[in-house]
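Listing of model11.txt; format and content: compact mmCIF, C-alpha atoms.
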```txt
# COMPACT_ATOMS: atom_id res chain seq x y z
CA MET A 1 -103.80 50.03 229.31
CA LYS A 2 -105.94 53.14 229.63
CA THR A 3 -106.79 54.98 232.83
CA GLN A 4 -110.31 56.41 233.09
CA ILE A 5 -111.18 59.26 235.43
CA ASN A 6 -114.76 60.38 235.89
CA ARG A 7 -116.24 63.54 237.34
CA ASP A 8 -116.65 62.21 240.89
CA GLU A 9 -113.07 60.96 240.99
CA LEU A 10 -111.90 64.39 239.81
CA LYS A 11 -113.91 66.13 242.52
CA ASN A 12 -112.58 63.91 245.28
CA MET A 13 -108.92 64.10 244.32
CA GLU A 14 -106.26 65.51 246.61
CA THR A 15 -105.88 69.20 245.66
CA ARG A 16 -102.27 69.19 244.49
CA TYR A 17 -102.71 65.94 242.54
CA ARG A 18 -105.73 67.40 240.73
CA ALA A 19 -103.86 70.65 240.01
CA ASN A 20 -101.03 68.69 238.39
CA LEU A 21 -103.43 66.52 236.44
CA VAL A 22 -105.72 69.22 235.06
CA ASN A 23 -102.85 71.60 234.32
CA SER A 24 -101.17 69.00 232.13
CA LEU A 25 -104.37 67.78 230.49
CA GLY A 26 -104.87 70.81 228.25
CA GLY A 27 -101.69 70.12 226.27
CA PHE A 28 -98.52 72.14 225.79
CA LYS A 29 -98.71 75.79 226.73
CA SER A 30 -97.12 79.08 225.98
CA VAL A 31 -94.80 80.03 228.81
CA VAL A 32 -93.72 83.65 229.14
CA LEU A 33 -92.45 86.26 231.55
CA VAL A 34 -94.76 89.21 232.12
CA GLY A 35 -92.94 92.43 233.04
CA THR A 36 -94.68 95.32 234.80
CA ARG A 37 -94.04 98.21 237.14
CA ASP A 38 -96.22 100.10 239.57
CA GLU A 39 -96.96 103.80 240.00
CA ASN A 40 -93.79 104.20 242.08
CA GLY A 41 -91.52 102.53 239.54
CA GLN A 42 -91.30 99.24 241.50
CA GLU A 43 -90.66 96.51 238.94
CA ASN A 44 -92.28 93.08 238.86
CA LEU A 45 -91.65 90.00 236.77
CA ALA A 46 -93.82 86.87 236.79
CA ILE A 47 -93.98 83.63 234.83
CA PHE A 48 -97.31 82.76 233.21
CA SER A 49 -98.49 79.75 231.24
CA SER A 50 -101.94 81.16 230.55
CA LEU A 51 -101.26 83.50 227.64
CA PHE A 52 -103.28 82.81 224.51
CA HIS A 53 -103.83 84.27 221.06
CA LEU A 54 -107.16 86.04 220.74
CA GLY A 55 -107.09 87.75 217.37
CA ALA A 56 -104.81 89.29 214.77
CA ASN A 57 -106.73 92.43 213.81
CA PRO A 58 -106.66 94.13 216.21
CA ALA A 59 -103.71 92.14 217.55
CA LEU A 60 -105.01 90.83 220.88
CA CYS A 61 -103.94 88.30 223.45
CA GLY A 62 -105.60 86.98 226.58
CA LEU A 63 -104.01 86.29 229.94
CA ILE A 64 -105.69 84.42 232.79
CA ILE A 65 -104.83 85.67 236.24
CA ARG A 66 -105.58 83.75 239.38
CA PRO A 67 -106.35 85.77 242.48
CA ASP A 68 -103.50 84.41 244.59
CA VAL A 69 -100.67 86.25 246.21
CA SER A 70 -97.97 85.79 243.64
CA GLU A 71 -100.02 87.00 240.70
CA ARG A 72 -101.62 89.94 242.47
CA HIS A 73 -98.67 92.27 241.95
CA THR A 74 -98.84 91.74 238.20
CA LEU A 75 -102.58 92.37 238.18
CA HIS A 76 -102.26 95.50 240.29
CA ASN A 77 -99.55 96.92 238.03
CA ILE A 78 -101.37 96.14 234.79
CA GLU A 79 -104.59 97.73 236.05
CA LYS A 80 -102.79 100.76 237.41
CA MET A 81 -100.40 101.44 234.53
CA GLY A 82 -102.21 99.80 231.60
CA SER A 83 -98.93 98.43 230.24
CA TYR A 84 -97.15 95.06 230.35
CA THR A 85 -94.54 93.19 228.38
CA VAL A 86 -94.59 89.56 227.30
CA ASN A 87 -91.19 87.90 226.97
CA HIS A 88 -90.56 84.44 225.51
CA LEU A 89 -88.35 82.02 227.42
CA HIS A 90 -85.41 80.12 226.02
CA LYS A 91 -83.58 77.26 227.70
CA ASP A 92 -80.90 79.41 229.33
CA ILE A 93 -83.33 81.59 231.27
CA ALA A 94 -85.96 78.95 232.11
CA ILE A 95 -84.78 78.25 235.65
CA LYS A 96 -84.58 81.96 236.46
CA ALA A 97 -88.03 82.41 234.94
CA HIS A 98 -89.46 79.57 237.06
CA GLN A 99 -87.97 81.15 240.17
CA THR A 100 -90.06 84.32 239.62
CA SER A 101 -93.05 82.28 240.85
CA ALA A 102 -91.65 82.27 244.39
CA ARG A 103 -93.60 84.52 246.74
CA TYR A 104 -91.40 87.57 246.85
CA THR A 105 -92.75 90.67 248.56
CA LYS A 106 -93.98 93.68 246.63
CA GLU A 107 -90.78 95.54 247.51
CA GLN A 108 -88.60 92.84 245.97
CA SER A 109 -88.08 93.01 242.21
CA GLU A 110 -88.03 89.53 240.70
CA PHE A 111 -85.67 90.90 238.04
CA GLU A 112 -83.12 91.48 240.76
CA GLN A 113 -83.92 88.38 242.82
CA VAL A 114 -83.51 85.92 239.93
CA GLY A 115 -80.89 87.82 237.93
CA LEU A 116 -82.65 89.07 234.80
CA THR A 117 -82.24 92.52 233.29
CA PRO A 118 -85.07 95.08 233.05
CA GLU A 119 -84.86 96.95 229.76
CA TYR A 120 -86.95 99.94 228.76
CA LYS A 121 -88.07 101.20 225.37
CA GLU A 122 -89.26 104.67 224.50
CA GLY A 123 -93.00 104.97 224.76
CA ILE A 124 -93.48 101.72 226.70
CA ILE A 125 -94.05 101.99 230.44
CA ALA A 126 -93.39 98.35 231.41
CA PRO A 127 -89.93 96.77 231.47
CA PHE A 128 -88.88 94.06 228.99
CA VAL A 129 -86.57 91.18 229.87
CA GLY A 130 -83.19 92.00 228.35
CA GLU A 131 -82.30 88.31 227.96
CA SER A 132 -85.48 87.41 226.02
CA GLU A 133 -85.26 86.97 222.23
CA VAL A 134 -88.91 87.39 221.20
CA ARG A 135 -90.88 89.96 223.14
CA PHE A 136 -93.76 92.34 222.82
CA ALA A 137 -95.59 95.04 224.73
CA CYS A 138 -99.33 95.13 225.43
CA GLU A 139 -101.79 97.75 226.53
CA LEU A 140 -104.71 96.59 228.64
CA ARG A 141 -107.98 96.79 226.70
CA GLN A 142 -110.44 94.88 228.86
CA LYS A 143 -110.71 93.05 232.16
CA ILE A 144 -113.31 90.33 232.53
CA ASN A 145 -114.06 88.68 235.87
CA LEU A 146 -114.80 85.00 235.29
CA GLU A 147 -117.18 84.39 238.13
CA ILE A 148 -117.30 80.68 237.48
CA ASN A 149 -113.99 80.23 239.32
CA GLY A 150 -112.83 83.68 240.41
CA THR A 151 -110.12 84.05 237.78
CA ILE A 152 -109.64 87.16 235.68
CA LEU A 153 -109.21 87.44 231.93
CA LEU A 154 -107.08 90.37 230.84
CA ILE A 155 -107.26 91.26 227.17
CA GLY A 156 -104.31 93.21 225.85
CA GLU A 157 -103.54 94.85 222.53
CA ILE A 158 -100.10 94.18 221.12
CA VAL A 159 -98.47 97.54 220.46
CA ASN A 160 -94.80 96.77 219.93
CA ILE A 161 -92.91 93.66 218.83
CA GLU A 162 -89.22 92.86 218.84
CA LEU A 163 -87.68 89.68 217.47
CA PRO A 164 -84.47 88.44 215.86
CA GLU A 165 -84.46 89.42 212.19
CA ASN A 166 -83.64 85.92 210.94
CA VAL A 167 -86.69 84.21 212.52
CA LEU A 168 -89.26 86.40 210.75
CA LYS A 169 -90.23 84.57 207.57
CA SER A 170 -91.55 86.06 204.31
CA THR A 171 -95.09 84.90 205.15
CA GLY A 172 -95.13 86.70 208.51
CA TYR A 173 -94.63 83.40 210.36
CA ILE A 174 -92.18 83.68 213.25
CA ASP A 175 -89.90 80.67 213.57
CA ILE A 176 -90.15 80.71 217.37
CA GLU A 177 -88.39 77.35 217.55
CA GLY A 178 -85.48 78.91 215.66
CA ALA A 179 -85.48 81.71 218.24
CA GLY A 180 -85.09 79.08 220.98
CA THR A 181 -88.55 79.63 222.47
CA ILE A 182 -89.59 76.78 224.76
CA THR A 183 -92.95 75.43 225.87
CA CYS A 184 -94.25 73.96 229.13
CA SER A 185 -96.62 71.31 230.42
CA GLY A 186 -98.35 71.06 233.74
CA LEU A 187 -97.10 73.36 236.46
CA ASP A 188 -93.37 72.75 236.30
CA ALA A 189 -92.15 70.92 233.16
CA TYR A 190 -90.25 72.73 230.40
CA HIS A 191 -89.71 71.41 226.89
CA ALA A 192 -87.71 72.32 223.80
CA THR A 193 -89.40 71.61 220.45
CA GLU A 194 -88.49 69.90 217.22
CA LYS A 195 -90.43 70.94 214.14
CA LEU A 196 -92.27 68.13 212.39
CA PHE A 197 -93.69 70.06 209.44
CA GLN A 198 -95.55 73.13 208.31
CA LEU A 199 -98.67 72.35 206.26
CA SER A 200 -100.46 74.10 203.42
CA TYR A 201 -103.87 75.74 203.91
CA ALA A 202 -106.46 72.95 204.03
CA LYS A 203 -108.99 72.62 201.21
CA PRO A 204 -111.73 69.96 200.97
CA ASP A 205 -110.48 68.53 197.68
CA LEU A 206 -106.74 68.56 198.38
CA TRP A 207 -104.57 66.74 200.94
CA PRO A 208 -102.22 69.07 202.95
CA GLN A 209 -98.72 69.51 201.53
CA GLN A 210 -95.62 70.07 203.61
CA ILE A 211 -94.55 73.64 202.90
CA SER A 212 -91.39 73.50 205.04
CA MET B 1 -80.06 92.03 214.35
CA LYS B 2 -83.48 92.72 215.82
CA THR B 3 -86.63 93.59 213.92
CA GLN B 4 -88.95 96.14 215.54
CA ILE B 5 -92.64 96.37 214.65
CA ASN B 6 -94.79 99.16 216.04
CA ARG B 7 -98.53 99.57 216.29
CA ASP B 8 -98.94 101.45 213.02
CA GLU B 9 -96.92 98.88 211.10
CA LEU B 10 -99.09 96.13 212.61
CA LYS B 11 -102.27 97.94 211.57
CA ASN B 12 -101.12 98.47 208.01
CA MET B 13 -99.89 94.93 207.38
CA GLU B 14 -101.33 92.70 204.70
CA THR B 15 -104.03 90.59 206.40
CA ARG B 16 -102.53 87.13 205.91
CA TYR B 17 -99.03 88.30 206.89
CA ARG B 18 -100.38 89.80 210.10
CA ALA B 19 -102.39 86.65 210.87
CA ASN B 20 -99.25 84.54 210.57
CA LEU B 21 -97.22 86.97 212.65
CA VAL B 22 -99.62 87.46 215.52
CA ASN B 23 -100.60 83.78 215.64
CA SER B 24 -96.97 82.78 216.14
CA LEU B 25 -96.12 85.60 218.53
CA GLY B 26 -97.97 84.15 221.52
CA GLY B 27 -95.67 81.12 221.72
CA PHE B 28 -96.35 77.41 221.42
CA LYS B 29 -99.96 76.35 221.70
CA SER B 30 -102.06 73.40 222.63
CA VAL B 31 -103.42 71.79 219.46
CA VAL B 32 -106.40 69.46 219.76
CA LEU B 33 -109.31 67.98 217.88
CA VAL B 34 -112.75 68.93 219.16
CA GLY B 35 -115.41 66.30 218.52
CA THR B 36 -119.13 67.11 218.52
CA ARG B 37 -122.44 66.03 217.04
CA ASP B 38 -125.68 67.84 216.37
CA GLU B 39 -129.27 67.08 217.33
CA ASN B 40 -129.60 64.73 214.34
CA GLY B 41 -126.47 62.75 215.14
CA GLN B 42 -124.38 64.45 212.42
CA GLU B 43 -120.76 64.30 213.61
CA ASN B 44 -118.20 67.08 213.38
CA LEU B 45 -114.48 67.21 214.08
CA ALA B 46 -112.38 70.38 214.07
CA ILE B 47 -108.82 71.30 214.93
CA PHE B 48 -108.30 74.09 217.47
CA SER B 49 -105.20 75.80 218.82
CA SER B 50 -107.10 78.02 221.23
CA LEU B 51 -107.73 75.66 224.13
CA PHE B 52 -106.40 76.82 227.48
CA HIS B 53 -106.40 75.74 231.11
CA LEU B 54 -108.73 77.81 233.26
CA GLY B 55 -108.79 76.09 236.62
CA ALA B 56 -108.42 72.76 238.36
CA ASN B 57 -111.30 72.88 240.87
CA PRO B 58 -113.75 72.78 239.24
CA ALA B 59 -111.74 71.42 236.30
CA LEU B 60 -112.35 74.01 233.60
CA CYS B 61 -110.90 74.84 230.21
CA GLY B 62 -111.52 77.70 227.81
CA LEU B 63 -111.87 77.54 224.05
CA ILE B 64 -111.88 80.57 221.76
CA ILE B 65 -114.15 80.28 218.76
CA ARG B 66 -113.98 82.60 215.81
CA PRO B 67 -117.23 83.31 214.01
CA ASP B 68 -116.13 81.99 210.63
CA VAL B 69 -117.61 79.23 208.56
CA SER B 70 -115.39 76.36 209.56
CA GLU B 71 -115.82 76.81 213.28
CA ARG B 72 -119.54 77.50 213.21
CA HIS B 73 -120.54 73.83 213.10
CA THR B 74 -118.57 73.14 216.28
CA LEU B 75 -120.15 76.13 218.01
CA HIS B 76 -123.66 75.15 216.93
CA ASN B 77 -123.21 71.60 218.18
CA ILE B 78 -121.70 72.58 221.53
CA GLU B 79 -124.48 75.08 222.20
CA LYS B 80 -127.18 72.66 221.14
CA MET B 81 -125.92 69.51 222.84
CA GLY B 82 -123.79 70.92 225.65
CA SER B 83 -121.13 68.25 225.08
CA TYR B 84 -117.75 68.12 223.32
CA THR B 85 -114.60 66.06 223.44
CA VAL B 86 -111.01 67.29 223.37
CA ASN B 87 -108.49 64.93 221.79
CA HIS B 88 -104.71 65.39 221.83
CA LEU B 89 -102.78 64.99 218.58
CA HIS B 90 -99.75 62.84 218.06
CA LYS B 91 -97.46 62.90 215.04
CA ASP B 92 -99.26 60.13 213.13
CA ILE B 93 -102.62 61.90 213.06
CA ALA B 94 -101.39 65.49 212.68
CA ILE B 95 -101.93 65.75 208.91
CA LYS B 96 -105.44 64.29 209.16
CA ALA B 97 -106.15 66.66 212.04
CA HIS B 98 -104.95 69.66 209.99
CA GLN B 99 -107.19 68.59 207.13
CA THR B 100 -110.30 68.96 209.35
CA SER B 101 -109.85 72.74 208.96
CA ALA B 102 -110.92 72.53 205.31
CA ARG B 103 -114.38 73.97 204.70
CA TYR B 104 -116.47 70.83 204.55
CA THR B 105 -120.24 71.21 204.51
CA LYS B 106 -122.41 70.50 207.53
CA GLU B 107 -123.49 67.20 205.97
CA GLN B 108 -119.91 65.99 205.65
CA SER B 109 -118.36 64.41 208.73
CA GLU B 110 -114.71 65.36 209.05
CA PHE B 111 -114.13 62.01 210.77
CA GLU B 112 -115.06 60.32 207.51
CA GLN B 113 -113.44 62.87 205.20
CA VAL B 114 -110.01 62.71 206.84
CA GLY B 115 -110.11 59.11 208.02
CA LEU B 116 -110.39 59.24 211.80
CA THR B 117 -112.66 57.03 213.92
CA PRO B 118 -115.55 58.39 216.01
CA GLU B 119 -115.76 56.51 219.30
CA TYR B 120 -118.53 56.83 221.87
CA LYS B 121 -118.52 56.33 225.62
CA GLU B 122 -121.51 55.69 227.84
CA GLY B 123 -122.91 58.91 229.25
CA ILE B 124 -121.03 61.18 226.84
CA ILE B 125 -122.96 62.62 223.91
CA ALA B 126 -120.01 63.81 221.77
CA PRO B 127 -117.70 61.47 219.85
CA PHE B 128 -114.04 60.96 220.81
CA VAL B 129 -111.26 60.40 218.29
CA GLY B 130 -110.41 56.70 218.44
CA GLU B 131 -106.81 57.32 217.39
CA SER B 132 -106.10 59.90 220.12
CA GLU B 133 -104.09 58.84 223.19
CA VAL B 134 -105.04 61.54 225.70
CA ARG B 135 -108.61 62.74 225.56
CA PHE B 136 -111.35 64.18 227.69
CA ALA B 137 -114.99 65.20 227.55
CA CYS B 138 -116.39 68.59 228.51
CA GLU B 139 -119.81 69.96 229.31
CA LEU B 140 -120.47 73.57 228.35
CA ARG B 141 -120.75 75.77 231.44
CA GLN B 142 -120.65 79.30 230.04
CA LYS B 143 -120.50 81.21 226.78
CA ILE B 144 -119.00 84.69 226.77
CA ASN B 145 -119.14 86.95 223.73
CA LEU B 146 -115.92 88.93 223.51
CA GLU B 147 -117.23 92.05 221.84
CA ILE B 148 -113.76 93.50 221.42
CA ASN B 149 -113.23 91.32 218.34
CA GLY B 150 -116.35 89.22 217.88
CA THR B 151 -114.83 85.97 219.15
CA ILE B 152 -116.54 83.69 221.65
CA LEU B 153 -115.12 82.15 224.79
CA LEU B 154 -116.62 78.79 225.68
CA ILE B 155 -115.94 77.56 229.19
CA GLY B 156 -116.27 73.82 229.65
CA GLU B 157 -116.11 71.56 232.68
CA ILE B 158 -113.99 68.44 232.28
CA VAL B 159 -116.19 65.48 233.14
CA ASN B 160 -114.29 62.45 231.87
CA ILE B 161 -110.62 61.78 231.18
CA GLU B 162 -108.90 58.90 229.42
CA LEU B 163 -105.15 58.49 229.08
CA PRO B 164 -102.52 55.76 228.80
CA GLU B 165 -101.85 54.33 232.26
CA ASN B 166 -98.07 54.69 232.01
CA VAL B 167 -98.08 58.48 231.42
CA LEU B 168 -99.97 59.32 234.64
CA LYS B 169 -97.33 60.03 237.28
CA SER B 170 -97.62 59.63 241.07
CA THR B 171 -97.96 63.42 241.48
CA GLY B 172 -100.91 63.66 239.08
CA TYR B 173 -98.69 65.10 236.33
CA ILE B 174 -99.45 63.66 232.91
CA ASP B 175 -96.33 63.01 230.84
CA ILE B 176 -97.99 64.28 227.67
CA GLU B 177 -94.67 64.18 225.85
CA GLY B 178 -94.44 60.48 226.72
CA ALA B 179 -97.94 60.05 225.27
CA GLY B 180 -96.68 61.56 221.99
CA THR B 181 -98.73 64.76 222.29
CA ILE B 182 -97.49 67.46 219.93
CA THR B 183 -97.69 71.25 219.97
CA CYS B 184 -98.12 73.89 217.27
CA SER B 185 -97.01 77.39 216.39
CA GLY B 186 -98.64 79.95 214.15
CA LEU B 187 -101.43 78.67 211.92
CA ASP B 188 -99.80 75.64 210.36
CA ALA B 189 -96.57 74.45 212.05
CA TYR B 190 -96.48 71.30 214.18
CA HIS B 191 -93.73 70.38 216.63
CA ALA B 192 -92.70 67.41 218.74
CA THR B 193 -91.17 68.21 222.12
CA GLU B 194 -88.10 67.23 224.08
CA LYS B 195 -88.27 67.61 227.85
CA LEU B 196 -85.62 69.86 229.33
CA PHE B 197 -86.46 69.49 233.02
CA GLN B 198 -89.17 69.53 235.61
CA LEU B 199 -88.51 71.97 238.46
CA SER B 200 -89.36 72.03 242.15
CA TYR B 201 -91.91 74.44 243.60
CA ALA B 202 -90.26 77.87 243.77
CA LYS B 203 -89.51 79.42 247.17
CA PRO B 204 -87.86 82.81 247.76
CA ASP B 205 -84.90 81.40 249.68
CA LEU B 206 -84.18 78.33 247.56
CA TRP B 207 -83.06 77.91 243.94
CA PRO B 208 -85.27 75.48 241.87
CA GLN B 209 -84.10 71.87 241.79
CA GLN B 210 -84.61 69.51 238.86
CA ILE B 211 -87.11 66.93 240.05
CA SER B 212 -87.00 64.87 236.87
```
The structure in this file should be written as structure tokens.
Amino acid sequence: MKTQINRDELKNMETRYRANLVNSLGGFKSVVLVGTRDENGQENLAIFSSLFHLGANPALCGLIIRPDVSERHTLHNIEKMGSYTVNHLHKDIAIKAHQTSARYTKEQSEFEQVGLTPEYKEGIIAPFVGESEVRFACELRQKINLEINGTILLIGEIVNIELPENVLKSTGYIDIEGAGTITCSGLDAYHATEKLFQLSYAKPDLWPQQIS
Amino acid sequence: MKTQINRDELKNMETRYRANLVNSLGGFKSVVLVGTRDENGQENLAIFSSLFHLGANPALCGLIIRPDVSERHTLHNIEKMGSYTVNHLHKDIAIKAHQTSARYTKEQSEFEQVGLTPEYKEGIIAPFVGESEVRFACELRQKINLEINGTILLIGEIVNIELPENVLKSTGYIDIEGAGTITCSGLDAYHATEKLFQLSYAKPDLWPQQIS
């Protein structure tokens, strides 16, 4: 049996129920830890499931920020310092990563509160997560206020990448599953993945072939 | 061993290699089929891995469109008709879905070319994919040109949802894994998922509990 939900039913739903529903409707999401620090060196770490690929040349990614308390520290730090890191999650750090979404004060570093290690690289202002396998640093390029719902789109340029040598394939593809990267659905569900297939470039006169 | 890639190395990479690298760097992505039709009733179906959740109230999602040939038909139809459908993929339709990215002409319907079934609902202009389990219809609310790289952000309001009854949980969470929804990485890799855990709402003084 199929359930149908129309626009009026969506509008009249209990807030938390609707948040769960709409957050899971868009499909599986990237889930990452964003590391920042402020002008006084105060570190911040926050989990986000709103990172998306925007383009490869220049290498850009988008991040949607909601104007509520827990995400405001990240926004402040990115605007102030122009630098942030994006750190993939693997199974062993997922619960710690989830815990960064608790409403800690600005004076509390989530690194310290949840037990993850800030790690710095020369030339990069923001801290990486020491325990993360695939990670990269971004510089803020543009901030767009999405007036339709008060969220903010931050566009960052990828300026530094670090990943385990063995997951970088000859084509440039990163075997993020091989690196243990996980995905999420809704607001609170975490999933490992199992590769089905990788397919050849699609052409009108040829059916896709499995290339791995 | 870790591989390090800096900004200059990224800039000087061979185009296809960089596309593979940066597309897989952002983590796992939502992968969906977007169904549209034009003012003459010509149907179009295209695979996208750039859909993201934007907000629950109003229920909004974003879609990044690149100005190349294969995505132009979708863009034209959404702008002209204001309506599009988003259809989750499961394993059995993934190869057909991938094949929609081949450069068919405007007169060719990808539904027909790859063997998927257009399905219409009262009050919704765009066609759904009959074979998809979780699907929803959107109305275009805003188009934003991202001048930084020439891509386009389409913001749509979710106006109709259909999903199998048994995957909608009492909290509003949709068990998309239970519905068979898959995820993707890079430009051409498809993955099934395996749920690790669902965690309780994070509070500063309490460690997350597994709620399922």
Worksheet item: Skipping near chain neighbours, those fewer than 2 positions away, what residues fall within 10 Å of B:Tyr104 using only C-alpha atoms, listed as JSON, numbers by chain?
Response: {"A": [203, 204, 205], "B": [44, 69, 70, 73, 99, 100, 101, 102, 106, 107, 108, 109, 110, 113]}
Worksheet entry | Nearest residue to chain A from the set B:Gly115, B:Gly178, B:Gly35, B:Gly172 (distances using all atoms listed in the file) |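 Looking only at the distances to chain A, the closest residue turns out to be B:Gly172.
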Practice prompt. Using only C-alpha atoms, determine which residues lie at most 7 Å from B:Asn87, disregarding the query and same-chain residues fewer than 3 positions distant; provide the list as a ChimeraX atom specification.
Written response: /B:32-34,128-129,132,134-136
Worksheet, complete the sentence: Between atom CA of A:Ala56 and atom CA of A:Arg72 lies a distance of 27.9 Å
Worksheet item: Can you tell me how far atom CA of B:Pro164 sits from atom CA of B:Ala179, in Å to one decimal?
Response: 7.2 Å
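With all atoms listed in the file as the basis for measurement, A:Val22 is the residue among A:Ala97, A:Val22, A:Leu63, A:Ile144 that approaches chain B most closely.
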Discussion item. Using only C-alpha atoms, can you tell me which of A:Ser30, A:Thr85, A:Glu162, A:Gly55 comes closest to B:Arg18?
Written reply: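 Smallest separation from B:Arg18 among the options: A:Gly55.
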Residues at most 7 Å from B:His90, counting only C-alpha atoms, excluding those fewer than 5 positions away in the same chain, as an mmCIF file with C-alpha atoms, keeping the file's coordinate frame?
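Contents of out-v6.cif, freshly written:
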```cif
data_model
loop_
_atom_site.group_PDB
_atom_site.id
_atom_site.type_symbol
_atom_site.label_atom_id
_atom_site.label_comp_id
_atom_site.auth_asym_id
_atom_site.auth_seq_id
_atom_site.Cartn_x
_atom_site.Cartn_y
_atom_site.Cartn_z
ATOM 1 C CA GLY B 180 -96.680 61.560 221.990
ATOM 2 C CA THR B 181 -98.730 64.760 222.290
ATOM 3 C CA ILE B 182 -97.490 67.460 219.930
#
```
Worksheet, complete the sentence: note - atom CA of A:Pro127 and atom CA of A:Ile155 are separated by 18.7 Å
Discussion item. Counting all atoms listed in the file, which residue out of A:Leu21, A:Leu116, A:Ile47, A:Leu168 sits closest to chain B?
Written reply: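 Ranked by minimum distance to chain B, first place goes to A:Leu21.
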Discussion item. Please return as a VMD selection string every residue within 8 Å of (-82.2, 89.1, 216.6), taking into account all atoms listed in the file and the file's own coordinates.
Written reply: (chain A and resid 133 163 to 167) or (chain B and resid 1 to 3)
Worksheet item: For A:Ser49, which of A:Glu14, A:Asp92, A:Asp188, A:Glu119 is the closest residue, counting only C-alpha atoms?
Response: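 For A:Ser49, the nearest of the candidates is A:Asp188.
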